[in-house]
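Asks: Pasting protein.txt below, which is compact mmCIF, N, CA and C atoms.
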# COMPACT_ATOMS: atom_id res chain seq x y z
N MET A 1 -54.72 -20.48 16.72
CA MET A 1 -54.53 -20.95 18.07
C MET A 1 -55.89 -21.10 18.74
N ARG A 2 -55.96 -22.06 19.63
CA ARG A 2 -57.24 -22.34 20.27
C ARG A 2 -57.38 -21.63 21.60
N LYS A 3 -56.61 -20.61 21.84
CA LYS A 3 -56.65 -19.92 23.12
C LYS A 3 -57.70 -18.82 23.15
N GLY A 4 -58.41 -18.61 22.06
CA GLY A 4 -59.44 -17.60 22.03
C GLY A 4 -58.91 -16.20 21.77
N LEU A 5 -57.70 -16.11 21.26
CA LEU A 5 -57.14 -14.80 20.95
C LEU A 5 -57.63 -14.35 19.57
N SER A 6 -57.88 -13.06 19.46
CA SER A 6 -58.26 -12.52 18.16
C SER A 6 -57.01 -12.41 17.30
N LYS A 7 -57.22 -12.14 16.02
CA LYS A 7 -56.08 -12.01 15.12
C LYS A 7 -55.17 -10.86 15.55
N GLN A 8 -55.76 -9.75 15.97
CA GLN A 8 -54.98 -8.59 16.39
C GLN A 8 -54.18 -8.91 17.65
N GLU A 9 -54.81 -9.64 18.58
CA GLU A 9 -54.09 -10.00 19.81
C GLU A 9 -52.91 -10.92 19.50
N MET A 10 -53.09 -11.84 18.55
CA MET A 10 -51.99 -12.72 18.16
C MET A 10 -50.86 -11.93 17.52
N MET A 11 -51.21 -10.94 16.70
CA MET A 11 -50.18 -10.14 16.03
C MET A 11 -49.43 -9.26 17.03
N ASP A 12 -50.09 -8.88 18.13
CA ASP A 12 -49.45 -8.02 19.13
C ASP A 12 -48.59 -8.78 20.12
N LEU A 13 -48.68 -10.12 20.13
CA LEU A 13 -47.88 -10.92 21.06
C LEU A 13 -46.40 -10.83 20.71
N PRO A 14 -45.55 -10.80 21.73
CA PRO A 14 -44.11 -10.89 21.45
C PRO A 14 -43.81 -12.25 20.80
N LEU A 15 -42.82 -12.29 19.94
CA LEU A 15 -42.52 -13.51 19.19
C LEU A 15 -42.23 -14.71 20.08
N PRO A 16 -41.42 -14.59 21.15
CA PRO A 16 -41.20 -15.77 21.99
C PRO A 16 -42.48 -16.31 22.61
N GLU A 17 -43.35 -15.42 23.05
CA GLU A 17 -44.61 -15.85 23.66
C GLU A 17 -45.51 -16.52 22.61
N PHE A 18 -45.53 -15.95 21.40
CA PHE A 18 -46.30 -16.56 20.32
C PHE A 18 -45.81 -17.97 20.02
N CYS A 19 -44.47 -18.14 19.95
CA CYS A 19 -43.90 -19.47 19.68
C CYS A 19 -44.21 -20.44 20.81
N GLU A 20 -44.13 -19.98 22.06
CA GLU A 20 -44.46 -20.84 23.19
C GLU A 20 -45.92 -21.30 23.13
N LEU A 21 -46.82 -20.37 22.82
CA LEU A 21 -48.23 -20.74 22.71
C LEU A 21 -48.46 -21.71 21.55
N GLN A 22 -47.77 -21.49 20.44
CA GLN A 22 -47.91 -22.37 19.28
C GLN A 22 -47.44 -23.78 19.62
N LEU A 23 -46.27 -23.89 20.27
CA LEU A 23 -45.77 -25.21 20.69
C LEU A 23 -46.73 -25.88 21.65
N PHE A 24 -47.25 -25.12 22.60
CA PHE A 24 -48.18 -25.70 23.55
C PHE A 24 -49.44 -26.19 22.84
N ASP A 25 -49.97 -25.37 21.94
CA ASP A 25 -51.19 -25.75 21.21
C ASP A 25 -50.98 -26.99 20.36
N GLU A 26 -49.85 -27.08 19.69
CA GLU A 26 -49.63 -28.17 18.74
C GLU A 26 -49.16 -29.47 19.38
N TYR A 27 -48.32 -29.40 20.42
CA TYR A 27 -47.66 -30.61 20.89
C TYR A 27 -47.93 -30.99 22.33
N LEU A 28 -48.30 -30.06 23.18
CA LEU A 28 -48.43 -30.38 24.59
C LEU A 28 -49.86 -30.43 25.08
N GLU A 29 -50.73 -29.69 24.47
CA GLU A 29 -52.12 -29.63 24.90
C GLU A 29 -52.81 -30.97 24.63
N PRO A 30 -53.77 -31.34 25.47
CA PRO A 30 -54.46 -32.63 25.27
C PRO A 30 -55.15 -32.78 23.91
N GLN A 31 -55.45 -31.72 23.22
CA GLN A 31 -56.05 -31.82 21.88
C GLN A 31 -54.98 -31.76 20.80
N SER A 32 -53.80 -32.26 21.10
CA SER A 32 -52.71 -32.21 20.14
C SER A 32 -53.01 -33.08 18.92
N PRO A 33 -52.30 -32.88 17.82
CA PRO A 33 -52.55 -33.67 16.61
C PRO A 33 -52.40 -35.17 16.82
N GLN A 34 -51.51 -35.58 17.70
CA GLN A 34 -51.34 -37.02 17.93
C GLN A 34 -52.58 -37.62 18.58
N LEU A 35 -53.12 -36.92 19.57
CA LEU A 35 -54.33 -37.45 20.21
C LEU A 35 -55.52 -37.41 19.25
N ASP A 36 -55.59 -36.38 18.43
CA ASP A 36 -56.64 -36.34 17.41
C ASP A 36 -56.49 -37.51 16.45
N ASP A 37 -55.25 -37.83 16.08
CA ASP A 37 -54.99 -38.94 15.18
C ASP A 37 -55.43 -40.26 15.81
N ILE A 38 -55.13 -40.45 17.09
CA ILE A 38 -55.56 -41.67 17.78
C ILE A 38 -57.08 -41.77 17.80
N ARG A 39 -57.74 -40.66 18.10
CA ARG A 39 -59.20 -40.66 18.15
C ARG A 39 -59.80 -40.99 16.78
N HIS A 40 -59.24 -40.40 15.73
CA HIS A 40 -59.75 -40.66 14.38
C HIS A 40 -59.47 -42.11 13.96
N SER A 41 -58.32 -42.65 14.34
CA SER A 41 -58.02 -44.03 13.95
C SER A 41 -58.96 -45.01 14.64
N ILE A 42 -59.29 -44.75 15.88
CA ILE A 42 -60.24 -45.62 16.59
C ILE A 42 -61.62 -45.51 15.96
N THR A 43 -62.02 -44.30 15.60
CA THR A 43 -63.31 -44.11 14.94
C THR A 43 -63.37 -44.85 13.61
N GLN A 44 -62.31 -44.73 12.81
CA GLN A 44 -62.29 -45.42 11.52
C GLN A 44 -62.32 -46.94 11.69
N ALA A 45 -61.57 -47.45 12.66
CA ALA A 45 -61.57 -48.89 12.90
C ALA A 45 -62.96 -49.37 13.31
N ASN A 46 -63.63 -48.60 14.15
CA ASN A 46 -64.98 -48.98 14.56
C ASN A 46 -65.97 -48.93 13.40
N LEU A 47 -65.80 -47.96 12.51
CA LEU A 47 -66.68 -47.88 11.33
C LEU A 47 -66.49 -49.11 10.44
N TYR A 48 -65.26 -49.51 10.21
CA TYR A 48 -65.00 -50.71 9.41
C TYR A 48 -65.57 -51.96 10.08
N ARG A 49 -65.41 -52.05 11.40
CA ARG A 49 -65.91 -53.23 12.11
C ARG A 49 -67.43 -53.32 12.04
N SER A 50 -68.09 -52.19 12.11
CA SER A 50 -69.56 -52.20 12.12
C SER A 50 -70.17 -52.25 10.73
N SER A 51 -69.36 -52.15 9.68
CA SER A 51 -69.91 -52.11 8.33
C SER A 51 -70.42 -53.47 7.86
N GLY A 52 -69.90 -54.56 8.40
CA GLY A 52 -70.33 -55.88 7.98
C GLY A 52 -69.65 -56.37 6.71
N ASN A 53 -68.69 -55.65 6.21
CA ASN A 53 -68.02 -56.03 4.97
C ASN A 53 -66.72 -56.79 5.20
N LEU A 54 -66.37 -57.05 6.44
CA LEU A 54 -65.13 -57.76 6.74
C LEU A 54 -65.43 -59.19 7.19
N SER A 55 -64.54 -60.08 6.83
CA SER A 55 -64.68 -61.47 7.30
C SER A 55 -64.27 -61.54 8.77
N LYS A 56 -64.54 -62.66 9.40
CA LYS A 56 -64.15 -62.83 10.80
C LYS A 56 -62.64 -62.74 10.96
N ASP A 57 -61.91 -63.31 9.97
CA ASP A 57 -60.45 -63.24 10.01
C ASP A 57 -59.98 -61.79 9.89
N GLY A 58 -60.61 -61.03 9.00
CA GLY A 58 -60.26 -59.62 8.83
C GLY A 58 -60.53 -58.82 10.09
N LEU A 59 -61.62 -59.13 10.78
CA LEU A 59 -61.94 -58.44 12.02
C LEU A 59 -60.90 -58.73 13.09
N LYS A 60 -60.43 -59.98 13.13
CA LYS A 60 -59.43 -60.35 14.14
C LYS A 60 -58.09 -59.68 13.87
N ARG A 61 -57.71 -59.55 12.60
CA ARG A 61 -56.41 -58.98 12.26
C ARG A 61 -56.37 -57.47 12.27
N MET A 62 -57.52 -56.81 12.13
CA MET A 62 -57.55 -55.35 12.03
C MET A 62 -57.30 -54.71 13.39
N LYS A 63 -56.49 -53.67 13.39
CA LYS A 63 -56.19 -52.92 14.61
C LYS A 63 -56.42 -51.44 14.32
N ALA A 64 -56.70 -50.69 15.36
CA ALA A 64 -56.88 -49.24 15.20
C ALA A 64 -55.58 -48.60 14.74
N GLU A 65 -54.44 -49.19 15.09
CA GLU A 65 -53.14 -48.64 14.70
C GLU A 65 -52.94 -48.66 13.18
N ASP A 66 -53.69 -49.53 12.48
CA ASP A 66 -53.58 -49.59 11.02
C ASP A 66 -54.05 -48.30 10.36
N PHE A 67 -54.84 -47.51 11.07
CA PHE A 67 -55.43 -46.30 10.50
C PHE A 67 -54.70 -45.03 10.94
N ARG A 68 -53.63 -45.17 11.70
CA ARG A 68 -52.91 -43.99 12.19
C ARG A 68 -52.13 -43.33 11.07
N MET A 69 -52.10 -41.99 11.10
CA MET A 69 -51.31 -41.24 10.12
C MET A 69 -49.91 -40.95 10.65
N PHE A 70 -49.77 -40.75 11.95
CA PHE A 70 -48.46 -40.50 12.56
C PHE A 70 -47.95 -41.84 13.06
N SER A 71 -46.96 -42.40 12.36
CA SER A 71 -46.52 -43.74 12.69
C SER A 71 -45.65 -43.81 13.93
N ASP A 72 -44.82 -42.81 14.16
CA ASP A 72 -43.99 -42.88 15.36
C ASP A 72 -44.39 -41.78 16.33
N GLU A 73 -44.12 -42.03 17.58
CA GLU A 73 -44.60 -41.15 18.64
C GLU A 73 -43.76 -39.89 18.80
N ALA A 74 -42.50 -39.94 18.42
CA ALA A 74 -41.61 -38.81 18.67
C ALA A 74 -41.79 -37.72 17.62
N ILE A 75 -42.18 -36.56 18.08
CA ILE A 75 -42.30 -35.41 17.17
C ILE A 75 -40.95 -34.72 17.06
N PHE A 76 -40.32 -34.51 18.21
CA PHE A 76 -39.01 -33.88 18.24
C PHE A 76 -37.97 -34.99 18.23
N LYS A 77 -37.29 -35.16 17.11
CA LYS A 77 -36.34 -36.25 16.96
C LYS A 77 -34.91 -35.79 17.25
N THR A 78 -34.13 -36.69 17.80
CA THR A 78 -32.73 -36.40 18.08
C THR A 78 -31.95 -36.51 16.77
N PRO A 79 -30.76 -35.97 16.72
CA PRO A 79 -29.94 -36.11 15.50
C PRO A 79 -29.67 -37.57 15.14
N GLU A 80 -29.54 -38.43 16.16
CA GLU A 80 -29.31 -39.85 15.90
C GLU A 80 -30.53 -40.47 15.22
N GLN A 81 -31.73 -40.11 15.69
CA GLN A 81 -32.96 -40.63 15.09
C GLN A 81 -33.10 -40.13 13.65
N LEU A 82 -32.77 -38.87 13.42
CA LEU A 82 -32.84 -38.33 12.06
C LEU A 82 -31.86 -39.04 11.14
N GLU A 83 -30.66 -39.32 11.64
CA GLU A 83 -29.66 -40.04 10.84
C GLU A 83 -30.14 -41.46 10.53
N GLU A 84 -30.76 -42.12 11.49
CA GLU A 84 -31.29 -43.47 11.28
C GLU A 84 -32.41 -43.47 10.23
N ILE A 85 -33.27 -42.47 10.28
CA ILE A 85 -34.35 -42.36 9.30
C ILE A 85 -33.76 -42.15 7.91
N LYS A 86 -32.75 -41.28 7.81
CA LYS A 86 -32.10 -41.01 6.53
C LYS A 86 -31.44 -42.28 5.97
N ARG A 87 -30.78 -43.05 6.86
CA ARG A 87 -30.12 -44.28 6.45
C ARG A 87 -31.14 -45.31 5.94
N LYS A 88 -32.27 -45.42 6.63
CA LYS A 88 -33.31 -46.37 6.20
C LYS A 88 -33.91 -45.96 4.85
N GLN A 89 -34.11 -44.66 4.66
CA GLN A 89 -34.64 -44.19 3.38
C GLN A 89 -33.67 -44.48 2.25
N GLU A 90 -32.37 -44.31 2.49
CA GLU A 90 -31.36 -44.60 1.48
C GLU A 90 -31.35 -46.09 1.14
N GLN A 91 -31.47 -46.94 2.16
CA GLN A 91 -31.52 -48.38 1.92
C GLN A 91 -32.75 -48.76 1.09
N GLN A 92 -33.89 -48.15 1.41
CA GLN A 92 -35.11 -48.44 0.65
C GLN A 92 -34.98 -47.99 -0.80
N ARG A 93 -34.32 -46.84 -1.00
CA ARG A 93 -34.12 -46.35 -2.37
C ARG A 93 -33.23 -47.30 -3.15
N ILE A 94 -32.15 -47.77 -2.52
CA ILE A 94 -31.24 -48.71 -3.19
C ILE A 94 -31.96 -50.00 -3.52
N GLN A 95 -32.78 -50.51 -2.59
CA GLN A 95 -33.54 -51.73 -2.84
C GLN A 95 -34.51 -51.55 -4.00
N ALA A 96 -35.16 -50.39 -4.06
CA ALA A 96 -36.11 -50.14 -5.14
C ALA A 96 -35.40 -50.11 -6.49
N VAL A 97 -34.23 -49.49 -6.55
CA VAL A 97 -33.46 -49.44 -7.80
C VAL A 97 -33.01 -50.84 -8.19
N ASN A 98 -32.53 -51.61 -7.21
CA ASN A 98 -32.08 -52.97 -7.49
C ASN A 98 -33.21 -53.86 -8.02
N GLN A 99 -34.40 -53.65 -7.54
CA GLN A 99 -35.54 -54.45 -8.00
C GLN A 99 -35.96 -54.08 -9.42
N MET A 100 -35.71 -52.85 -9.81
CA MET A 100 -36.11 -52.41 -11.15
C MET A 100 -35.14 -52.87 -12.23
N LEU A 101 -33.89 -53.13 -11.85
CA LEU A 101 -32.87 -53.46 -12.85
C LEU A 101 -32.72 -54.97 -13.01
N THR A 102 -32.36 -55.37 -14.21
CA THR A 102 -32.02 -56.77 -14.46
C THR A 102 -30.62 -57.01 -13.93
N PRO A 103 -30.23 -58.28 -13.72
CA PRO A 103 -28.87 -58.55 -13.22
C PRO A 103 -27.77 -57.99 -14.14
N ALA A 104 -27.99 -58.02 -15.46
CA ALA A 104 -26.99 -57.49 -16.38
C ALA A 104 -26.86 -55.97 -16.22
N GLN A 105 -27.99 -55.29 -16.09
CA GLN A 105 -27.97 -53.84 -15.91
C GLN A 105 -27.32 -53.47 -14.57
N LEU A 106 -27.60 -54.26 -13.55
CA LEU A 106 -27.03 -54.02 -12.23
C LEU A 106 -25.51 -54.17 -12.27
N LYS A 107 -25.04 -55.20 -12.98
CA LYS A 107 -23.59 -55.42 -13.11
C LYS A 107 -22.94 -54.25 -13.85
N GLN A 108 -23.60 -53.79 -14.92
CA GLN A 108 -23.07 -52.67 -15.70
C GLN A 108 -23.03 -51.40 -14.84
N LEU A 109 -24.03 -51.18 -14.04
CA LEU A 109 -24.08 -50.01 -13.17
C LEU A 109 -22.95 -50.06 -12.14
N LYS A 110 -22.71 -51.22 -11.56
CA LYS A 110 -21.63 -51.36 -10.57
C LYS A 110 -20.27 -51.12 -11.21
N GLU A 111 -20.08 -51.60 -12.45
CA GLU A 111 -18.82 -51.37 -13.16
C GLU A 111 -18.62 -49.88 -13.43
N MET A 112 -19.70 -49.20 -13.80
CA MET A 112 -19.60 -47.76 -14.04
C MET A 112 -19.25 -47.02 -12.76
N GLN A 113 -19.82 -47.46 -11.64
CA GLN A 113 -19.51 -46.81 -10.36
C GLN A 113 -18.06 -47.04 -9.97
N ARG A 114 -17.56 -48.24 -10.18
CA ARG A 114 -16.16 -48.54 -9.86
C ARG A 114 -15.23 -47.68 -10.72
N GLY A 115 -15.54 -47.52 -12.00
CA GLY A 115 -14.73 -46.70 -12.90
C GLY A 115 -14.74 -45.25 -12.48
N ALA A 116 -15.88 -44.75 -12.04
CA ALA A 116 -15.97 -43.35 -11.62
C ALA A 116 -15.22 -43.15 -10.31
N SER A 117 -15.24 -44.16 -9.41
CA SER A 117 -14.54 -44.00 -8.14
C SER A 117 -13.03 -44.09 -8.33
N ASN A 118 -12.57 -44.72 -9.40
CA ASN A 118 -11.13 -44.80 -9.68
C ASN A 118 -10.62 -43.60 -10.48
N GLY A 119 -11.52 -42.69 -10.77
CA GLY A 119 -11.13 -41.51 -11.52
C GLY A 119 -11.23 -41.70 -13.02
N LYS A 120 -11.77 -42.81 -13.46
CA LYS A 120 -11.90 -43.07 -14.90
C LYS A 120 -13.31 -42.69 -15.33
N GLU A 121 -13.43 -42.24 -16.52
CA GLU A 121 -14.71 -41.95 -17.15
C GLU A 121 -14.90 -42.90 -18.31
N LYS A 122 -16.01 -43.54 -18.42
CA LYS A 122 -16.27 -44.46 -19.54
C LYS A 122 -17.18 -43.83 -20.54
Go ahead and express the file in the form of structure tokens.

Replies:
Amino acid sequence: MRKGLSKQEMMDLPLPEFCELQLFDEYLEPQSPQLDDIRHSITQANLYRSSGNLSKDGLKRMKAEDFRMFSDEAIFKTPEQLEEIKRKQEQQRIQAVNQMLTPAQLKQLKEMQRGASNGKEK
């Protein structure tokens, strides 16, 4: 924690107070990880721009947001947001599997799934 507490003082804190300080340090304080991420992304973008290794088109298209590690702003997500993230991940997984299989393999896989859903084993 950045509050200047010694290790012994942190260990002596009541648990609720320790958790409150931890939440404040990580998510609410101006030096939170998100603000650090923004600062680092701007620094990285400026380093790339000043390196001279990018074309004029590359300089125009590059944004500081391209270097961010935290893509979305919400740290505390609602159950609906978590469900949406899970659904998108499942769709991406299905797309990746579909791209790896040939049409014949995909057809065979769908037939196997239909047989298993009807209670049949092949």

Asks: Run DSSP on the backbone and give me the residues of stretch 12-111 of chain A it puts in helix (DSSP H, G or I), as a tab-separated table (two decimals) with N, CA and C atoms, in the coordinates of the input.

Replies:
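out.tsv, written as the output of this step:
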chain	number	residue	atom	x	y	z
A	12	ASP	N	-50.09	-8.88	18.13
A	12	ASP	CA	-49.45	-8.02	19.13
A	12	ASP	C	-48.59	-8.78	20.12
A	15	LEU	N	-42.82	-12.29	19.94
A	15	LEU	CA	-42.52	-13.51	19.19
A	15	LEU	C	-42.23	-14.71	20.08
A	16	PRO	N	-41.42	-14.59	21.15
A	16	PRO	CA	-41.20	-15.77	21.99
A	16	PRO	C	-42.48	-16.31	22.61
A	17	GLU	N	-43.35	-15.42	23.05
A	17	GLU	CA	-44.61	-15.85	23.66
A	17	GLU	C	-45.51	-16.52	22.61
A	18	PHE	N	-45.53	-15.95	21.40
A	18	PHE	CA	-46.30	-16.56	20.32
A	18	PHE	C	-45.81	-17.97	20.02
A	19	CYS	N	-44.47	-18.14	19.95
A	19	CYS	CA	-43.90	-19.47	19.68
A	19	CYS	C	-44.21	-20.44	20.81
A	20	GLU	N	-44.13	-19.98	22.06
A	20	GLU	CA	-44.46	-20.84	23.19
A	20	GLU	C	-45.92	-21.30	23.13
A	21	LEU	N	-46.82	-20.37	22.82
A	21	LEU	CA	-48.23	-20.74	22.71
A	21	LEU	C	-48.46	-21.71	21.55
A	22	GLN	N	-47.77	-21.49	20.44
A	22	GLN	CA	-47.91	-22.37	19.28
A	22	GLN	C	-47.44	-23.78	19.62
A	23	LEU	N	-46.27	-23.89	20.27
A	23	LEU	CA	-45.77	-25.21	20.69
A	23	LEU	C	-46.73	-25.88	21.65
A	24	PHE	N	-47.25	-25.12	22.60
A	24	PHE	CA	-48.18	-25.70	23.55
A	24	PHE	C	-49.44	-26.19	22.84
A	25	ASP	N	-49.97	-25.37	21.94
A	25	ASP	CA	-51.19	-25.75	21.21
A	25	ASP	C	-50.98	-26.99	20.36
A	26	GLU	N	-49.85	-27.08	19.69
A	26	GLU	CA	-49.63	-28.17	18.74
A	26	GLU	C	-49.16	-29.47	19.38
A	27	TYR	N	-48.32	-29.40	20.42
A	27	TYR	CA	-47.66	-30.61	20.89
A	27	TYR	C	-47.93	-30.99	22.33
A	28	LEU	N	-48.30	-30.06	23.18
A	28	LEU	CA	-48.43	-30.38	24.59
A	28	LEU	C	-49.86	-30.43	25.08
A	33	PRO	N	-52.30	-32.88	17.82
A	33	PRO	CA	-52.55	-33.67	16.61
A	33	PRO	C	-52.40	-35.17	16.82
A	34	GLN	N	-51.51	-35.58	17.70
A	34	GLN	CA	-51.34	-37.02	17.93
A	34	GLN	C	-52.58	-37.62	18.58
A	35	LEU	N	-53.12	-36.92	19.57
A	35	LEU	CA	-54.33	-37.45	20.21
A	35	LEU	C	-55.52	-37.41	19.25
A	36	ASP	N	-55.59	-36.38	18.43
A	36	ASP	CA	-56.64	-36.34	17.41
A	36	ASP	C	-56.49	-37.51	16.45
A	37	ASP	N	-55.25	-37.83	16.08
A	37	ASP	CA	-54.99	-38.94	15.18
A	37	ASP	C	-55.43	-40.26	15.81
A	38	ILE	N	-55.13	-40.45	17.09
A	38	ILE	CA	-55.56	-41.67	17.78
A	38	ILE	C	-57.08	-41.77	17.80
A	39	ARG	N	-57.74	-40.66	18.10
A	39	ARG	CA	-59.20	-40.66	18.15
A	39	ARG	C	-59.80	-40.99	16.78
A	40	HIS	N	-59.24	-40.40	15.73
A	40	HIS	CA	-59.75	-40.66	14.38
A	40	HIS	C	-59.47	-42.11	13.96
A	41	SER	N	-58.32	-42.65	14.34
A	41	SER	CA	-58.02	-44.03	13.95
A	41	SER	C	-58.96	-45.01	14.64
A	42	ILE	N	-59.29	-44.75	15.88
A	42	ILE	CA	-60.24	-45.62	16.59
A	42	ILE	C	-61.62	-45.51	15.96
A	43	THR	N	-62.02	-44.30	15.60
A	43	THR	CA	-63.31	-44.11	14.94
A	43	THR	C	-63.37	-44.85	13.61
A	44	GLN	N	-62.31	-44.73	12.81
A	44	GLN	CA	-62.29	-45.42	11.52
A	44	GLN	C	-62.32	-46.94	11.69
A	45	ALA	N	-61.57	-47.45	12.66
A	45	ALA	CA	-61.57	-48.89	12.90
A	45	ALA	C	-62.96	-49.37	13.31
A	46	ASN	N	-63.63	-48.60	14.15
A	46	ASN	CA	-64.98	-48.98	14.56
A	46	ASN	C	-65.97	-48.93	13.40
A	47	LEU	N	-65.80	-47.96	12.51
A	47	LEU	CA	-66.68	-47.88	11.33
A	47	LEU	C	-66.49	-49.11	10.44
A	48	TYR	N	-65.26	-49.51	10.21
A	48	TYR	CA	-65.00	-50.71	9.41
A	48	TYR	C	-65.57	-51.96	10.08
A	49	ARG	N	-65.41	-52.05	11.40
A	49	ARG	CA	-65.91	-53.23	12.11
A	49	ARG	C	-67.43	-53.32	12.04
A	50	SER	N	-68.09	-52.19	12.11
A	50	SER	CA	-69.56	-52.20	12.12
A	50	SER	C	-70.17	-52.25	10.73
A	51	SER	N	-69.36	-52.15	9.68
A	51	SER	CA	-69.91	-52.11	8.33
A	51	SER	C	-70.42	-53.47	7.86
A	56	LYS	N	-64.54	-62.66	9.40
A	56	LYS	CA	-64.15	-62.83	10.80
A	56	LYS	C	-62.64	-62.74	10.96
A	57	ASP	N	-61.91	-63.31	9.97
A	57	ASP	CA	-60.45	-63.24	10.01
A	57	ASP	C	-59.98	-61.79	9.89
A	58	GLY	N	-60.61	-61.03	9.00
A	58	GLY	CA	-60.26	-59.62	8.83
A	58	GLY	C	-60.53	-58.82	10.09
A	59	LEU	N	-61.62	-59.13	10.78
A	59	LEU	CA	-61.94	-58.44	12.02
A	59	LEU	C	-60.90	-58.73	13.09
A	60	LYS	N	-60.43	-59.98	13.13
A	60	LYS	CA	-59.43	-60.35	14.14
A	60	LYS	C	-58.09	-59.68	13.87
A	61	ARG	N	-57.71	-59.55	12.60
A	61	ARG	CA	-56.41	-58.98	12.26
A	61	ARG	C	-56.37	-57.47	12.27
A	64	ALA	N	-56.70	-50.69	15.36
A	64	ALA	CA	-56.88	-49.24	15.20
A	64	ALA	C	-55.58	-48.60	14.74
A	65	GLU	N	-54.44	-49.19	15.09
A	65	GLU	CA	-53.14	-48.64	14.70
A	65	GLU	C	-52.94	-48.66	13.18
A	66	ASP	N	-53.69	-49.53	12.48
A	66	ASP	CA	-53.58	-49.59	11.02
A	66	ASP	C	-54.05	-48.30	10.36
A	67	PHE	N	-54.84	-47.51	11.07
A	67	PHE	CA	-55.43	-46.30	10.50
A	67	PHE	C	-54.70	-45.03	10.94
A	79	PRO	N	-30.76	-35.97	16.72
A	79	PRO	CA	-29.94	-36.11	15.50
A	79	PRO	C	-29.67	-37.57	15.14
A	80	GLU	N	-29.54	-38.43	16.16
A	80	GLU	CA	-29.31	-39.85	15.90
A	80	GLU	C	-30.53	-40.47	15.22
A	81	GLN	N	-31.73	-40.11	15.69
A	81	GLN	CA	-32.96	-40.63	15.09
A	81	GLN	C	-33.10	-40.13	13.65
A	82	LEU	N	-32.77	-38.87	13.42
A	82	LEU	CA	-32.84	-38.33	12.06
A	82	LEU	C	-31.86	-39.04	11.14
A	83	GLU	N	-30.66	-39.32	11.64
A	83	GLU	CA	-29.66	-40.04	10.84
A	83	GLU	C	-30.14	-41.46	10.53
A	84	GLU	N	-30.76	-42.12	11.49
A	84	GLU	CA	-31.29	-43.47	11.28
A	84	GLU	C	-32.41	-43.47	10.23
A	85	ILE	N	-33.27	-42.47	10.28
A	85	ILE	CA	-34.35	-42.36	9.30
A	85	ILE	C	-33.76	-42.15	7.91
A	86	LYS	N	-32.75	-41.28	7.81
A	86	LYS	CA	-32.10	-41.01	6.53
A	86	LYS	C	-31.44	-42.28	5.97
A	87	ARG	N	-30.78	-43.05	6.86
A	87	ARG	CA	-30.12	-44.28	6.45
A	87	ARG	C	-31.14	-45.31	5.94
A	88	LYS	N	-32.27	-45.42	6.63
A	88	LYS	CA	-33.31	-46.37	6.20
A	88	LYS	C	-33.91	-45.96	4.85
A	89	GLN	N	-34.11	-44.66	4.66
A	89	GLN	CA	-34.64	-44.19	3.38
A	89	GLN	C	-33.67	-44.48	2.25
A	90	GLU	N	-32.37	-44.31	2.49
A	90	GLU	CA	-31.36	-44.60	1.48
A	90	GLU	C	-31.35	-46.09	1.14
A	91	GLN	N	-31.47	-46.94	2.16
A	91	GLN	CA	-31.52	-48.38	1.92
A	91	GLN	C	-32.75	-48.76	1.09
A	92	GLN	N	-33.89	-48.15	1.41
A	92	GLN	CA	-35.11	-48.44	0.65
A	92	GLN	C	-34.98	-47.99	-0.80
A	93	ARG	N	-34.32	-46.84	-1.00
A	93	ARG	CA	-34.12	-46.35	-2.37
A	93	ARG	C	-33.23	-47.30	-3.15
A	94	ILE	N	-32.15	-47.77	-2.52
A	94	ILE	CA	-31.24	-48.71	-3.19
A	94	ILE	C	-31.96	-50.00	-3.52
A	95	GLN	N	-32.78	-50.51	-2.59
A	95	GLN	CA	-33.54	-51.73	-2.84
A	95	GLN	C	-34.51	-51.55	-4.00
A	96	ALA	N	-35.16	-50.39	-4.06
A	96	ALA	CA	-36.11	-50.14	-5.14
A	96	ALA	C	-35.40	-50.11	-6.49
A	97	VAL	N	-34.23	-49.49	-6.55
A	97	VAL	CA	-33.46	-49.44	-7.80
A	97	VAL	C	-33.01	-50.84	-8.19
A	98	ASN	N	-32.53	-51.61	-7.21
A	98	ASN	CA	-32.08	-52.97	-7.49
A	98	ASN	C	-33.21	-53.86	-8.02
A	99	GLN	N	-34.40	-53.65	-7.54
A	99	GLN	CA	-35.54	-54.45	-8.00
A	99	GLN	C	-35.96	-54.08	-9.42
A	100	MET	N	-35.71	-52.85	-9.81
A	100	MET	CA	-36.11	-52.41	-11.15
A	100	MET	C	-35.14	-52.87	-12.23
A	103	PRO	N	-30.23	-58.28	-13.72
A	103	PRO	CA	-28.87	-58.55	-13.22
A	103	PRO	C	-27.77	-57.99	-14.14
A	104	ALA	N	-27.99	-58.02	-15.46
A	104	ALA	CA	-26.99	-57.49	-16.38
A	104	ALA	C	-26.86	-55.97	-16.22
A	105	GLN	N	-27.99	-55.29	-16.09
A	105	GLN	CA	-27.97	-53.84	-15.91
A	105	GLN	C	-27.32	-53.47	-14.57
A	106	LEU	N	-27.60	-54.26	-13.55
A	106	LEU	CA	-27.03	-54.02	-12.23
A	106	LEU	C	-25.51	-54.17	-12.27
A	107	LYS	N	-25.04	-55.20	-12.98
A	107	LYS	CA	-23.59	-55.42	-13.11
A	107	LYS	C	-22.94	-54.25	-13.85
A	108	GLN	N	-23.60	-53.79	-14.92
A	108	GLN	CA	-23.07	-52.67	-15.70
A	108	GLN	C	-23.03	-51.40	-14.84
A	109	LEU	N	-24.03	-51.18	-14.04
A	109	LEU	CA	-24.08	-50.01	-13.17
A	109	LEU	C	-22.95	-50.06	-12.14
A	110	LYS	N	-22.71	-51.22	-11.56
A	110	LYS	CA	-21.63	-51.36	-10.57
A	110	LYS	C	-20.27	-51.12	-11.21
A	111	GLU	N	-20.08	-51.60	-12.45
A	111	GLU	CA	-18.82	-51.37	-13.16
A	111	GLU	C	-18.62	-49.88	-13.43

Asks: Kindly give the distance, in Å, that separates atom CA of A:Gln99 and atom CA of A:Gln81, rounded to a single decimal.

Replies: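 Computed distance, atom CA of A:Gln99 to atom CA of A:Gln81, equals 27.0 Å.
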
Asks: Suppose you want the space between atom C of A:Glu83 and atom C of A:Arg68; what is it in Å?

Replies: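 Answer for the atom C of A:Glu83 to atom C of A:Arg68 separation: 22.1 Å.
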
Asks: So how many Å separate atom CA of A:Gly4 and atom C of A:Phe18, to one decimal?

Replies: 13.8 Å
